[in-house]
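The structure under discussion appears below in the form of structure tokens.
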Amino acid sequence: MKVLVVISSSPFKGDKAKESVDLSLSLAAFDHEVSLLFKGEGLLCLLEDHQPKSSGLKDYFRILKALDLYEIESVYAFECQQYPINQLKLSQRISPLWCTADKLQELLASHEMVFHL
Amino acid sequence: MKSLFLINRSFTQEKLNECLSIMSDQDLLLFIEDGVNNLLNHNLSFNKQCKAFLPDMVLRGIPNTVHSLPIVNNYQEWVDLCIDFDKAISWK
């Protein structure tokens with residue numbers, strides 16, 4: 001099944017972003033064809049300079065390096081004026097494909113199931 | 001009386017203006033937690049005294065290049081602010 005997981009929560013507000021990543025990996029482990037979409041505050045997951053250890057937290061976004069191992073190859077980021085992060089230093093862990101509203105509609109239509117925690 | 005306003009989430013300009021409009025010139029707005037994400041927003045403007053909490057910026061990898069706000073460097077400075085101001089108001 002083609003599944004789209006949308007991450008729109010801040011990486012450090014609650015567990016939604018982390019749980020969305022965990023959900024993606026679990027679905028991929030059961031042979032679903034998973035795509036990831038970062039939007040809104042979820043885009044901040046893509047910044048390079050997170051320093052979770054500075055606040056005694058675990059760097060759970062290291063797991064994003066493993067997306068390839070789980071055969072999650074379709075990673076998208078929806079441009080957002082509020083967070084123009086494509087002008088900043090982005091994580092080398094993943095290289096998302098930047099998409100516009102038209103592409104977003106296409107993505108939603110082309111997946112059989114969409115999860116947005 | 002001077003108040004310390006605290007914002008811990010992302011705001012739109014409209015919502016930020018609600019807060020700024022009731023602040024006096026003596027008051028201070030401090031961005032903490034996810035409030036520091038506002039520092040990335042080119043569309044926001046701050047016409048009152050504002051500062052950002054450095055440990056939350058470091059944790060999130062948020063640079064201070066867009067608005068170049070003054071910084072509160074650590075928890076001790078934050079506590080000093082709370083003592084210095086008559087009251088602290090968390091603005092939602």
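Ordering of the structure tokens sets the chain letters (A, B, ...), residue numbers begin anew at 1 in every chain, and ligands are numbered from 1 in the order given.
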When you get a sec, could you note down which chain A residues fall within 12 Å of chain B, using only C-alpha atoms, as an NGL selection string?
:A and (9-14 or 40-59 or 61 or 80-91)
I'd like the neighbourhood of B:Lys51 as number ranges by chain, where a residue qualifies if any of its atoms comes within 7 Å (using only C-alpha atoms), though same-chain residues fewer than 6 positions away should be ignored.
B: 29-31, 69-72
DSSP says helix (DSSP H, G or I) for which residues of chain B? Put them as a PDB file with N, CA and C atoms, in the first residue's frame?
ATOM      1  N   GLN B  13       1.951  37.304  12.756  1.00  0.00           N
ATOM      2  CA  GLN B  13       2.127  38.714  13.111  1.00  0.00           C
ATOM      3  C   GLN B  13       0.895  39.236  13.861  1.00  0.00           C
ATOM      4  N   GLU B  14      -0.291  38.794  13.403  1.00  0.00           N
ATOM      5  CA  GLU B  14      -1.527  39.263  14.030  1.00  0.00           C
ATOM      6  C   GLU B  14      -1.562  38.888  15.515  1.00  0.00           C
ATOM      7  N   LYS B  15      -1.190  37.645  15.769  1.00  0.00           N
ATOM      8  CA  LYS B  15      -1.215  37.177  17.155  1.00  0.00           C
ATOM      9  C   LYS B  15      -0.111  37.843  17.981  1.00  0.00           C
ATOM     10  N   LEU B  16       1.032  38.043  17.340  1.00  0.00           N
ATOM     11  CA  LEU B  16       2.131  38.714  18.039  1.00  0.00           C
ATOM     12  C   LEU B  16       1.740  40.156  18.368  1.00  0.00           C
ATOM     13  N   ASN B  17       1.012  40.809  17.443  1.00  0.00           N
ATOM     14  CA  ASN B  17       0.595  42.195  17.662  1.00  0.00           C
ATOM     15  C   ASN B  17      -0.318  42.324  18.881  1.00  0.00           C
ATOM     16  N   GLU B  18      -1.137  41.291  19.115  1.00  0.00           N
ATOM     17  CA  GLU B  18      -2.000  41.309  20.309  1.00  0.00           C
ATOM     18  C   GLU B  18      -1.145  41.508  21.552  1.00  0.00           C
ATOM     19  N   CYS B  19      -0.058  40.763  21.588  1.00  0.00           N
ATOM     20  CA  CYS B  19       0.829  40.823  22.747  1.00  0.00           C
ATOM     21  C   CYS B  19       1.583  42.162  22.782  1.00  0.00           C
ATOM     22  N   LEU B  20       2.155  42.548  21.636  1.00  0.00           N
ATOM     23  CA  LEU B  20       2.959  43.768  21.587  1.00  0.00           C
ATOM     24  C   LEU B  20       2.114  44.998  21.935  1.00  0.00           C
ATOM     25  N   SER B  21       0.822  44.951  21.552  1.00  0.00           N
ATOM     26  CA  SER B  21      -0.026  46.129  21.735  1.00  0.00           C
ATOM     27  C   SER B  21      -0.303  46.431  23.211  1.00  0.00           C
ATOM     28  N   ILE B  22      -0.216  45.422  24.054  1.00  0.00           N
ATOM     29  CA  ILE B  22      -0.492  45.696  25.470  1.00  0.00           C
ATOM     30  C   ILE B  22       0.793  45.852  26.283  1.00  0.00           C
ATOM     31  N   GLU B  33      11.469  28.165  24.404  1.00  0.00           N
ATOM     32  CA  GLU B  33      10.998  26.894  23.820  1.00  0.00           C
ATOM     33  C   GLU B  33      10.728  27.086  22.316  1.00  0.00           C
ATOM     34  N   ASP B  34       9.563  26.601  21.822  1.00  0.00           N
ATOM     35  CA  ASP B  34       9.296  26.738  20.390  1.00  0.00           C
ATOM     36  C   ASP B  34       9.025  28.188  19.981  1.00  0.00           C
ATOM     37  N   GLY B  35       8.938  29.083  20.945  1.00  0.00           N
ATOM     38  CA  GLY B  35       8.800  30.508  20.605  1.00  0.00           C
ATOM     39  C   GLY B  35      10.002  31.019  19.833  1.00  0.00           C
ATOM     40  N   VAL B  36      11.178  30.389  20.035  1.00  0.00           N
ATOM     41  CA  VAL B  36      12.372  30.849  19.299  1.00  0.00           C
ATOM     42  C   VAL B  36      12.241  30.555  17.798  1.00  0.00           C
ATOM     43  N   ASN B  37      11.305  29.681  17.419  1.00  0.00           N
ATOM     44  CA  ASN B  37      11.087  29.429  15.989  1.00  0.00           C
ATOM     45  C   ASN B  37      10.655  30.704  15.266  1.00  0.00           C
ATOM     46  N   ASN B  38      10.059  31.651  16.016  1.00  0.00           N
ATOM     47  CA  ASN B  38       9.637  32.916  15.417  1.00  0.00           C
ATOM     48  C   ASN B  38      10.810  33.713  14.855  1.00  0.00           C
ATOM     49  N   LEU B  39      12.016  33.397  15.334  1.00  0.00           N
ATOM     50  CA  LEU B  39      13.188  34.144  14.858  1.00  0.00           C
ATOM     51  C   LEU B  39      13.480  33.856  13.390  1.00  0.00           C
ATOM     52  N   LEU B  40      12.902  32.771  12.856  1.00  0.00           N
ATOM     53  CA  LEU B  40      13.125  32.444  11.439  1.00  0.00           C
ATOM     54  C   LEU B  40      12.161  33.188  10.522  1.00  0.00           C
ATOM     55  N   LEU B  54      18.788  31.665  24.583  1.00  0.00           N
ATOM     56  CA  LEU B  54      19.821  30.968  23.809  1.00  0.00           C
ATOM     57  C   LEU B  54      19.770  29.440  23.899  1.00  0.00           C
ATOM     58  N   PRO B  55      19.628  28.830  25.088  1.00  0.00           N
ATOM     59  CA  PRO B  55      19.624  27.357  25.118  1.00  0.00           C
ATOM     60  C   PRO B  55      18.555  26.741  24.230  1.00  0.00           C
ATOM     61  N   ASP B  56      17.389  27.384  24.112  1.00  0.00           N
ATOM     62  CA  ASP B  56      16.343  26.841  23.241  1.00  0.00           C
ATOM     63  C   ASP B  56      16.683  27.040  21.764  1.00  0.00           C
ATOM     64  N   MET B  57      17.431  28.099  21.463  1.00  0.00           N
ATOM     65  CA  MET B  57      17.876  28.298  20.078  1.00  0.00           C
ATOM     66  C   MET B  57      18.919  27.253  19.688  1.00  0.00           C
ATOM     67  N   VAL B  58      19.849  26.992  20.621  1.00  0.00           N
ATOM     68  CA  VAL B  58      20.909  26.011  20.362  1.00  0.00           C
ATOM     69  C   VAL B  58      20.307  24.627  20.161  1.00  0.00           C
ATOM     70  N   LEU B  59      19.377  24.265  21.048  1.00  0.00           N
ATOM     71  CA  LEU B  59      18.732  22.954  20.950  1.00  0.00           C
ATOM     72  C   LEU B  59      18.089  22.762  19.579  1.00  0.00           C
ATOM     73  N   ARG B  60      17.407  23.795  19.098  1.00  0.00           N
ATOM     74  CA  ARG B  60      16.639  23.674  17.850  1.00  0.00           C
ATOM     75  C   ARG B  60      17.437  24.040  16.603  1.00  0.00           C
ATOM     76  N   TYR B  75      19.887  29.900  32.078  1.00  0.00           N
ATOM     77  CA  TYR B  75      18.757  29.884  33.019  1.00  0.00           C
ATOM     78  C   TYR B  75      18.953  30.891  34.156  1.00  0.00           C
ATOM     79  N   GLN B  76      20.199  31.113  34.540  1.00  0.00           N
ATOM     80  CA  GLN B  76      20.444  32.079  35.614  1.00  0.00           C
ATOM     81  C   GLN B  76      19.984  33.481  35.197  1.00  0.00           C
ATOM     82  N   GLU B  77      20.274  33.839  33.943  1.00  0.00           N
ATOM     83  CA  GLU B  77      19.847  35.164  33.466  1.00  0.00           C
ATOM     84  C   GLU B  77      18.324  35.245  33.387  1.00  0.00           C
ATOM     85  N   TRP B  78      17.701  34.110  33.025  1.00  0.00           N
ATOM     86  CA  TRP B  78      16.229  34.089  32.963  1.00  0.00           C
ATOM     87  C   TRP B  78      15.641  34.283  34.370  1.00  0.00           C
ATOM     88  N   VAL B  79      16.213  33.593  35.345  1.00  0.00           N
ATOM     89  CA  VAL B  79      15.749  33.749  36.730  1.00  0.00           C
ATOM     90  C   VAL B  79      15.953  35.195  37.188  1.00  0.00           C
ATOM     91  N   ASP B  80      17.093  35.774  36.837  1.00  0.00           N
ATOM     92  CA  ASP B  80      17.356  37.174  37.211  1.00  0.00           C
ATOM     93  C   ASP B  80      16.290  38.095  36.624  1.00  0.00           C
ATOM     94  N   LEU B  81      15.877  37.814  35.376  1.00  0.00           N
ATOM     95  CA  LEU B  81      14.834  38.628  34.752  1.00  0.00           C
ATOM     96  C   LEU B  81      13.521  38.502  35.527  1.00  0.00           C
ATOM     97  N   CYS B  82      13.194  37.259  35.896  1.00  0.00           N
ATOM     98  CA  CYS B  82      11.937  37.035  36.620  1.00  0.00           C
ATOM     99  C   CYS B  82      11.936  37.796  37.946  1.00  0.00           C
ATOM    100  N   ILE B  83      13.112  37.896  38.563  1.00  0.00           N
ATOM    101  CA  ILE B  83      13.219  38.627  39.835  1.00  0.00           C
ATOM    102  C   ILE B  83      13.125  40.126  39.589  1.00  0.00           C
ATOM    103  N   ASP B  84      13.755  40.560  38.494  1.00  0.00           N
ATOM    104  CA  ASP B  84      13.826  41.984  38.185  1.00  0.00           C
ATOM    105  C   ASP B  84      12.464  42.561  37.783  1.00  0.00           C
TER     106      ASP B  84
END
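Atom CA of A:Ser20 is found 11.6 Å from atom CA of A:Val34.
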Among chain B, which ones does DSSP assign to strand (DSSP E or B) (computed from the backbone)? Answer as a PDB file with N, CA and C atoms, in the first residue's frame.
ATOM      1  N   SER B   3       6.392  44.195  33.270  1.00  0.00           N
ATOM      2  CA  SER B   3       6.053  42.780  33.107  1.00  0.00           C
ATOM      3  C   SER B   3       6.984  42.090  32.118  1.00  0.00           C
ATOM      4  N   LEU B   4       7.238  40.819  32.413  1.00  0.00           N
ATOM      5  CA  LEU B   4       8.018  39.968  31.511  1.00  0.00           C
ATOM      6  C   LEU B   4       7.041  39.054  30.774  1.00  0.00           C
ATOM      7  N   PHE B   5       6.916  39.247  29.465  1.00  0.00           N
ATOM      8  CA  PHE B   5       6.026  38.398  28.666  1.00  0.00           C
ATOM      9  C   PHE B   5       6.822  37.224  28.111  1.00  0.00           C
ATOM     10  N   LEU B   6       6.215  36.038  28.140  1.00  0.00           N
ATOM     11  CA  LEU B   6       6.886  34.831  27.650  1.00  0.00           C
ATOM     12  C   LEU B   6       6.063  34.228  26.519  1.00  0.00           C
ATOM     13  N   ILE B   7       6.730  33.942  25.409  1.00  0.00           N
ATOM     14  CA  ILE B   7       6.051  33.263  24.293  1.00  0.00           C
ATOM     15  C   ILE B   7       6.788  31.964  24.001  1.00  0.00           C
ATOM     16  N   LEU B  28       9.232  43.536  28.714  1.00  0.00           N
ATOM     17  CA  LEU B  28      10.145  42.758  27.871  1.00  0.00           C
ATOM     18  C   LEU B  28       9.419  41.494  27.400  1.00  0.00           C
ATOM     19  N   LEU B  29       9.613  41.165  26.134  1.00  0.00           N
ATOM     20  CA  LEU B  29       9.066  39.914  25.589  1.00  0.00           C
ATOM     21  C   LEU B  29      10.223  38.934  25.397  1.00  0.00           C
ATOM     22  N   LEU B  30      10.098  37.767  26.012  1.00  0.00           N
ATOM     23  CA  LEU B  30      11.155  36.758  25.911  1.00  0.00           C
ATOM     24  C   LEU B  30      10.623  35.544  25.149  1.00  0.00           C
ATOM     25  N   PHE B  31      11.310  35.178  24.065  1.00  0.00           N
ATOM     26  CA  PHE B  31      10.943  33.983  23.304  1.00  0.00           C
ATOM     27  C   PHE B  31      11.668  32.778  23.906  1.00  0.00           C
ATOM     28  N   CYS B  50      12.439  42.977  22.894  1.00  0.00           N
ATOM     29  CA  CYS B  50      12.323  41.519  22.823  1.00  0.00           C
ATOM     30  C   CYS B  50      13.690  40.860  22.990  1.00  0.00           C
ATOM     31  N   LYS B  51      13.683  39.684  23.560  1.00  0.00           N
ATOM     32  CA  LYS B  51      14.912  38.888  23.666  1.00  0.00           C
ATOM     33  C   LYS B  51      14.584  37.430  23.368  1.00  0.00           C
ATOM     34  N   ALA B  52      15.624  36.649  23.115  1.00  0.00           N
ATOM     35  CA  ALA B  52      15.435  35.216  22.840  1.00  0.00           C
ATOM     36  C   ALA B  52      16.326  34.407  23.776  1.00  0.00           C
ATOM     37  N   PHE B  53      15.841  33.224  24.130  1.00  0.00           N
ATOM     38  CA  PHE B  53      16.542  32.378  25.104  1.00  0.00           C
ATOM     39  C   PHE B  53      17.505  31.446  24.367  1.00  0.00           C
ATOM     40  N   ILE B  71      20.070  38.451  23.423  1.00  0.00           N
ATOM     41  CA  ILE B  71      20.002  37.064  23.896  1.00  0.00           C
ATOM     42  C   ILE B  71      19.965  36.995  25.420  1.00  0.00           C
ATOM     43  N   VAL B  72      19.178  36.063  25.940  1.00  0.00           N
ATOM     44  CA  VAL B  72      19.294  35.658  27.342  1.00  0.00           C
ATOM     45  C   VAL B  72      20.094  34.363  27.315  1.00  0.00           C
ATOM     46  N   LYS B  87       6.144  40.986  37.342  1.00  0.00           N
ATOM     47  CA  LYS B  87       5.368  39.761  37.084  1.00  0.00           C
ATOM     48  C   LYS B  87       5.764  39.151  35.752  1.00  0.00           C
ATOM     49  N   ALA B  88       5.537  37.852  35.624  1.00  0.00           N
ATOM     50  CA  ALA B  88       5.792  37.140  34.367  1.00  0.00           C
ATOM     51  C   ALA B  88       4.451  36.686  33.798  1.00  0.00           C
ATOM     52  N   ILE B  89       4.245  36.930  32.497  1.00  0.00           N
ATOM     53  CA  ILE B  89       2.970  36.574  31.865  1.00  0.00           C
ATOM     54  C   ILE B  89       3.253  35.648  30.684  1.00  0.00           C
ATOM     55  N   SER B  90       2.754  34.413  30.758  1.00  0.00           N
ATOM     56  CA  SER B  90       2.881  33.499  29.612  1.00  0.00           C
ATOM     57  C   SER B  90       1.784  33.833  28.614  1.00  0.00           C
TER      58      SER B  90
END
Show me, as a PyMOL selection string, the residues that have an atom within 8 Å of stretch 99-102 of chain A when counting only C-alpha atoms, minus same-chain residues fewer than 6 positions from it.
chain A and resi 76-79
